[in-house]
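This report refers to the structure that appears directly beneath it.
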Amino acid sequence: MNTYARLPVAFERGEGAWLWDTEGRQYLDALSGIAVSGLGHAHPRLVAAIAAQAARLIHSSNLYRIPEQEQLAATLSRLADMDRVFFCNSGCEANEAAIKLARLHGHQRGIDQPAIVVMEKSFHGRTIATLSATGSRKVQAGFEPLLGGFVRVPYNDRHVIEQVAAHNPGIVAVLVEPIQGEGGVNVPDDGYLAYLRQLCNERGWLLMLDEVQSGMGRTGRWFAHQWTGIRPDVMTLAKGLGNGLPIGACLASGAAADVFSPGKHGSTFGGNPLVCVAAATTLQIIKDEDLLLNAALMGERIRTGLAQSLTGLDLVKDIRGMGLMIGIELDRPCGELVQQGLAAGVLLNVTADTVVRLLPPLILQPAQADLLVQKTAELIRALARTPVPSAAAG
């Protein structure tokens with residue numbers, strides 16, 4: 001179906017942070033399949049693990065025990081300090097599970113119309129429930145009626161959420177991204193997540209963190225919220241979890257871990273042996289190759305390099321992010337940079353119309369980080385020399 005505005009390029013192979021198209025041209029991958037390929041492309045250990053598991057058993061069913069799933073759940077629970085895990089196929093399915101969990105939690109407390117606080121500029125997926133939770137009219141338009149049961153507040157705004165808390169007795173949870181990805185790589189103020197944690201404790205709400213994009217080492221910790229010292233009640237993962245194989249997860253702790261019972265939720269493919277081996281191997285490689293530290297160091301190197309290279313350009317409003325989740329906000333729409341990046345041999349992304357988003361693999365090396373800075377800065381400097389469209393100029 002006509003659901004994608006595809007770029008005019010097709011890739012036939014990859015190695016590390018590099019991709020080659022069908023014409024033999026080489027590209028530096030600064031998008032990682034939208035934060036999926038944290039280990040880069042064709043990592044030898046991951047390829048071998050997937051091939052070996054595929055030769056043994058790809059799928060059985062969640063009707064039976066799956067040892068690979070149990071081992072992965074134990075590892076994730078230990079890394080996240082959470083109690084239980086539900087496996088699915090994607091980020092939106094993980095968030096769908098979280099939304100169902102929150103509603104069931106509300107009903108179990110005697111709340112007939114449970115509601116979830118969600119954020120403006122958020123993105124939680126494209127199923128009807130996750131689309132309804134998402135804070136973007138652009139992606140919601142045309143799909144009304146959306147589901148009720150969501151109360152939207154500005155991201156990083158304590159005043160409004162306190163007003164909401166005072167006037168909505170049916171609220172049972174807050175669903176929030178520790179760093180907003182699709183919304184423009186928005187990093188909240190220090191203390192905001194801790195404030196939400198405290199508010200949820202006081203109100204008996206569940207704190208549910210969408211770490212689909214920010215998790216799996218992208219910010220330099222296993223999960224972005226670990227920079228703040230808090231622990232959520234529910235956390236969702238996907239994208240980098242399987243390094244390209246489709247697996248999502250919804251983790252829960254404390255009382256939230258006991259909300260679901262058999263028959264309340266499920267997945268045919270979720271957490272099958274193949275994807276669980278891919279995820280477990282991905283986790284082990286991240287640990288063995290010290291990629292959390294590398295993500296933090298390379299992210300700082302890129303942000304510093306961009307700040308130096310783009311000094312004096314009025315169109316650059318902000319350079320922000322954590323680890324290898326980086327946004328460069330410009331004063332005008334900049335979608336054309338994606339196509340220009342292709343021509344220059346670098347895969348970039350633009351989100352929220354005016355933010356260049358960089359999500360390179362966690363394995364990025366210093367020389368590659370410097371090349372990414374050079375190429376990105378050249379593209380932005382060229383954009384600065386072009387006339388500003390009258391609408392963008394305001």
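By convention in this document, the chains of the structure tokens carry letters A, B, ... by their order, each chain's residues are numbered from 1, and ligands are numbered from 1 in the order they are shown.
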message: So that I can check the surroundings of Arg320 in chain A, please list as a PyMOL selection string every protein, DNA and RNA residue that reaches within 8 Å of it, counting only C-alpha atoms and ignoring chain neighbours fewer than 3 positions away.
response: chain A and resi 185-187+303+326-328
- request: Fewer than 5 positions away in the same chain doesn't count, so skip those; otherwise give me all residues within 12 Å of Trp205 in chain A, counting only C-alpha atoms, as number ranges by chain.
  value: A: 102-103, 105-106, 109, 114-117, 165, 168-175, 196-200, 232-234, 255-256
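The residue that comes closest to Ala257 in chain A, out of A:Arg84, A:Arg13, A:Arg65, A:Arg56 and on the basis of only C-alpha atoms, is A:Arg84.
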Step one, run DSSP on the backbone; step two, keep only residues of range 309-347 of chain A assigned to alpha helix (DSSP H); then write them as a PDB file with N, CA and C atoms, in the first residue's frame.
ATOM      1  N   SER A 309      31.596  23.247  14.805  1.00  0.00           N
ATOM      2  CA  SER A 309      31.497  23.409  13.351  1.00  0.00           C
ATOM      3  C   SER A 309      30.377  24.353  12.935  1.00  0.00           C
ATOM      4  N   GLU A 336      14.725  18.581   3.245  1.00  0.00           N
ATOM      5  CA  GLU A 336      15.562  18.408   2.063  1.00  0.00           C
ATOM      6  C   GLU A 336      16.959  17.873   2.403  1.00  0.00           C
ATOM      7  N   LEU A 337      17.362  18.017   3.677  1.00  0.00           N
ATOM      8  CA  LEU A 337      18.699  17.543   4.058  1.00  0.00           C
ATOM      9  C   LEU A 337      18.820  16.026   3.979  1.00  0.00           C
ATOM     10  N   VAL A 338      17.701  15.327   4.077  1.00  0.00           N
ATOM     11  CA  VAL A 338      17.749  13.869   3.996  1.00  0.00           C
ATOM     12  C   VAL A 338      18.220  13.439   2.607  1.00  0.00           C
ATOM     13  N   GLN A 339      17.594  14.012   1.578  1.00  0.00           N
ATOM     14  CA  GLN A 339      17.990  13.701   0.192  1.00  0.00           C
ATOM     15  C   GLN A 339      19.410  14.179  -0.084  1.00  0.00           C
ATOM     16  N   GLN A 340      19.750  15.352   0.407  1.00  0.00           N
ATOM     17  CA  GLN A 340      21.097  15.869   0.196  1.00  0.00           C
ATOM     18  C   GLN A 340      22.141  15.006   0.919  1.00  0.00           C
ATOM     19  N   GLY A 341      21.733  14.456   2.086  1.00  0.00           N
ATOM     20  CA  GLY A 341      22.623  13.551   2.797  1.00  0.00           C
ATOM     21  C   GLY A 341      22.915  12.307   1.985  1.00  0.00           C
ATOM     22  N   LEU A 342      21.885  11.772   1.326  1.00  0.00           N
ATOM     23  CA  LEU A 342      22.094  10.618   0.451  1.00  0.00           C
ATOM     24  C   LEU A 342      23.143  10.919  -0.608  1.00  0.00           C
ATOM     25  N   ALA A 343      22.999  12.069  -1.222  1.00  0.00           N
ATOM     26  CA  ALA A 343      23.954  12.453  -2.273  1.00  0.00           C
ATOM     27  C   ALA A 343      25.365  12.598  -1.715  1.00  0.00           C
ATOM     28  N   ALA A 344      25.458  12.972  -0.434  1.00  0.00           N
ATOM     29  CA  ALA A 344      26.769  13.163   0.195  1.00  0.00           C
ATOM     30  C   ALA A 344      27.296  11.880   0.833  1.00  0.00           C
TER      31      ALA A 344
END
message: Quick one: residues within 9 Å of range 236-242 of chain A, only C-alpha atoms, excluding same-chain residues fewer than 3 positions away - as an NGL selection string?
response: :A and (33-39 or 88-92 or 94-95 or 97-98 or 208-218 or 245-252 or 275-283)
message: Which of range 129-284 of chain A end up as strand (DSSP E) when DSSP is run on this backbone - answer as a VMD selection string?
response: chain A and resid 150 to 153 171 to 176 206 to 210 234 to 237 248 to 252
Take the residues that were just selected and, keeping C-alpha atoms, output them as an mmCIF file, in the first residue's frame.
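Listed below is the output, part02.cif:
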data_model
loop_
_atom_site.group_PDB
_atom_site.id
_atom_site.type_symbol
_atom_site.label_atom_id
_atom_site.label_comp_id
_atom_site.auth_asym_id
_atom_site.auth_seq_id
_atom_site.Cartn_x
_atom_site.Cartn_y
_atom_site.Cartn_z
ATOM 1 C CA PHE A 150 -6.010 9.799 27.631
ATOM 2 C CA VAL A 151 -5.359 13.181 29.257
ATOM 3 C CA ARG A 152 -2.726 15.171 27.376
ATOM 4 C CA VAL A 153 -0.344 17.629 29.036
ATOM 5 C CA ILE A 171 -6.176 8.821 36.311
ATOM 6 C CA VAL A 172 -4.242 5.617 36.893
ATOM 7 C CA ALA A 173 -0.922 6.121 35.090
ATOM 8 C CA VAL A 174 1.510 8.436 33.285
ATOM 9 C CA LEU A 175 2.978 7.288 29.957
ATOM 10 C CA VAL A 176 6.068 9.285 29.003
ATOM 11 C CA LEU A 206 1.768 3.835 37.556
ATOM 12 C CA LEU A 207 4.815 5.503 36.003
ATOM 13 C CA MET A 208 5.159 3.964 32.528
ATOM 14 C CA LEU A 209 8.283 4.833 30.517
ATOM 15 C CA ASP A 210 8.368 4.383 26.748
ATOM 16 C CA VAL A 234 6.258 -0.241 33.595
ATOM 17 C CA MET A 235 8.831 0.142 30.811
ATOM 18 C CA THR A 236 8.523 -0.671 27.113
ATOM 19 C CA LEU A 237 11.316 -1.665 24.726
ATOM 20 C CA GLY A 248 9.369 -5.775 21.754
ATOM 21 C CA ALA A 249 9.000 -6.065 25.502
ATOM 22 C CA CYS A 250 6.841 -4.647 28.260
ATOM 23 C CA LEU A 251 8.495 -4.892 31.671
ATOM 24 C CA ALA A 252 6.720 -4.371 34.986
#
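Non-sequential neighbours of Gly345 in chain A (distance at most 12 Å, separation of 4 or more positions within a chain, only C-alpha atoms) are Val9, Trp18, Leu19, Trp20, Asp21, Gly24, Arg25, Gln26, Tyr27, Leu28, Asp29, Ala30, Leu337, Val338, Gln339, Gln340, Gly341, Leu371, Leu372, Gln374, Lys375, Thr376 and Leu379 of chain A.
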What does the file look like for those residues with C-alpha atoms, as an mmCIF file, in the first residue's frame?
data_model
loop_
_atom_site.group_PDB
_atom_site.id
_atom_site.type_symbol
_atom_site.label_atom_id
_atom_site.label_comp_id
_atom_site.auth_asym_id
_atom_site.auth_seq_id
_atom_site.Cartn_x
_atom_site.Cartn_y
_atom_site.Cartn_z
ATOM 1 C CA VAL A 9 17.886 4.091 -2.885
ATOM 2 C CA TRP A 18 28.443 1.301 6.625
ATOM 3 C CA LEU A 19 25.830 0.423 4.010
ATOM 4 C CA TRP A 20 26.245 -0.165 0.271
ATOM 5 C CA ASP A 21 23.445 0.382 -2.227
ATOM 6 C CA GLY A 24 27.853 0.012 -5.127
ATOM 7 C CA ARG A 25 27.808 3.442 -3.432
ATOM 8 C CA GLN A 26 28.886 3.535 0.215
ATOM 9 C CA TYR A 27 26.990 5.406 2.967
ATOM 10 C CA LEU A 28 27.711 6.176 6.619
ATOM 11 C CA ASP A 29 24.611 5.032 8.483
ATOM 12 C CA ALA A 30 23.661 7.703 11.026
ATOM 13 C CA LEU A 337 18.699 17.543 4.058
ATOM 14 C CA VAL A 338 17.749 13.869 3.996
ATOM 15 C CA GLN A 339 17.990 13.701 0.192
ATOM 16 C CA GLN A 340 21.097 15.869 0.196
ATOM 17 C CA GLY A 341 22.623 13.551 2.797
ATOM 18 C CA LEU A 371 33.157 12.211 9.423
ATOM 19 C CA LEU A 372 29.515 12.422 10.480
ATOM 20 C CA GLN A 374 31.902 17.029 8.920
ATOM 21 C CA LYS A 375 29.215 15.874 6.502
ATOM 22 C CA THR A 376 26.300 17.057 8.641
ATOM 23 C CA LEU A 379 24.901 20.153 4.684
#
query: What lies within 8 Å of Leu193 in chain A using only C-alpha atoms, ignoring chain neighbours under 2 positions off, as an NGL selection string?
result: :A and (178 or 188 or 190-191 or 195-197 or 225 or 228 or 230)
- prompt: Using only C-alpha atoms, which of the listed residues (A:Gln140, A:Thr219, A:Gln284, A:Gln365) sits closest to Gly125 in chain A?
  reply: A:Gln140
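For range 382-388 of chain A, the residues within 8 Å (counting only C-alpha atoms, excluding itself and residues fewer than 6 positions away along the chain) are Leu313, Leu315 and Arg332 of chain A.
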Pull C-alpha atoms from the residues just selected and write them as a tab-separated table (two decimals), in the first residue's frame.
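Heads up, here's the output in selection_32.tsv:
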chain	number	residue	atom	x	y	z
A	313	LEU	CA	25.11	30.00	12.17
A	315	LEU	CA	19.70	29.04	11.75
A	332	ARG	CA	13.28	26.35	9.35
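Our summary of the geometry notes that CA of Lys138 in chain A is positioned 21.9 Å from CA of Leu358 in chain A.
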query: Could you state the separation of CA of Thr127 in chain A and CA of Ser261 in chain A in Å, given to one decimal place?
result: 23.1 Å
task: Write out as a list in words each polymer residue whose atoms come within 10 Å of Pro67 in chain A, counting only C-alpha atoms; drop sequence neighbours fewer than 6 positions from it.
output: Ala73, Asn272, Pro273 and Cys276 of chain A
Next, write the just-selected residues to a file, as an mmCIF file, in the first residue's frame, keeping all heavy atoms as the atom set.
data_model
loop_
_atom_site.group_PDB
_atom_site.id
_atom_site.type_symbol
_atom_site.label_atom_id
_atom_site.label_comp_id
_atom_site.auth_asym_id
_atom_site.auth_seq_id
_atom_site.Cartn_x
_atom_site.Cartn_y
_atom_site.Cartn_z
ATOM 1 N N ALA A 73 14.278 -12.882 29.569
ATOM 2 C CA ALA A 73 13.497 -12.157 30.570
ATOM 3 C C ALA A 73 14.301 -11.963 31.850
ATOM 4 O O ALA A 73 14.267 -10.884 32.465
ATOM 5 C CB ALA A 73 12.199 -12.916 30.859
ATOM 6 N N ASN A 272 9.557 -15.491 20.366
ATOM 7 C CA ASN A 272 9.877 -16.849 19.931
ATOM 8 C C ASN A 272 11.389 -17.104 20.068
ATOM 9 O O ASN A 272 12.174 -16.180 20.304
ATOM 10 C CB ASN A 272 9.334 -17.139 18.527
ATOM 11 C CG ASN A 272 10.118 -16.484 17.407
ATOM 12 O OD1 ASN A 272 11.303 -16.183 17.546
ATOM 13 N ND2 ASN A 272 9.464 -16.261 16.281
ATOM 14 N N PRO A 273 11.822 -18.352 19.962
ATOM 15 C CA PRO A 273 13.238 -18.665 20.228
ATOM 16 C C PRO A 273 14.216 -17.844 19.376
ATOM 17 O O PRO A 273 15.255 -17.404 19.875
ATOM 18 C CB PRO A 273 13.317 -20.161 19.902
ATOM 19 C CG PRO A 273 11.949 -20.676 20.218
ATOM 20 C CD PRO A 273 11.014 -19.586 19.772
ATOM 21 N N CYS A 276 14.457 -14.143 20.550
ATOM 22 C CA CYS A 276 15.021 -14.067 21.902
ATOM 23 C C CYS A 276 16.530 -14.323 21.888
ATOM 24 O O CYS A 276 17.281 -13.673 22.626
ATOM 25 C CB CYS A 276 14.309 -15.044 22.834
ATOM 26 S SG CYS A 276 12.659 -14.475 23.312
#
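The smallest atom-to-atom distance between Ser61 in chain A and any of A:Ala367, A:Leu274, A:Ala141, A:Val47, using only C-alpha atoms, is found for A:Leu274.
We find CA of Asp353 in chain A and CA of Pro333 in chain A to be spaced 5.1 Å apart.
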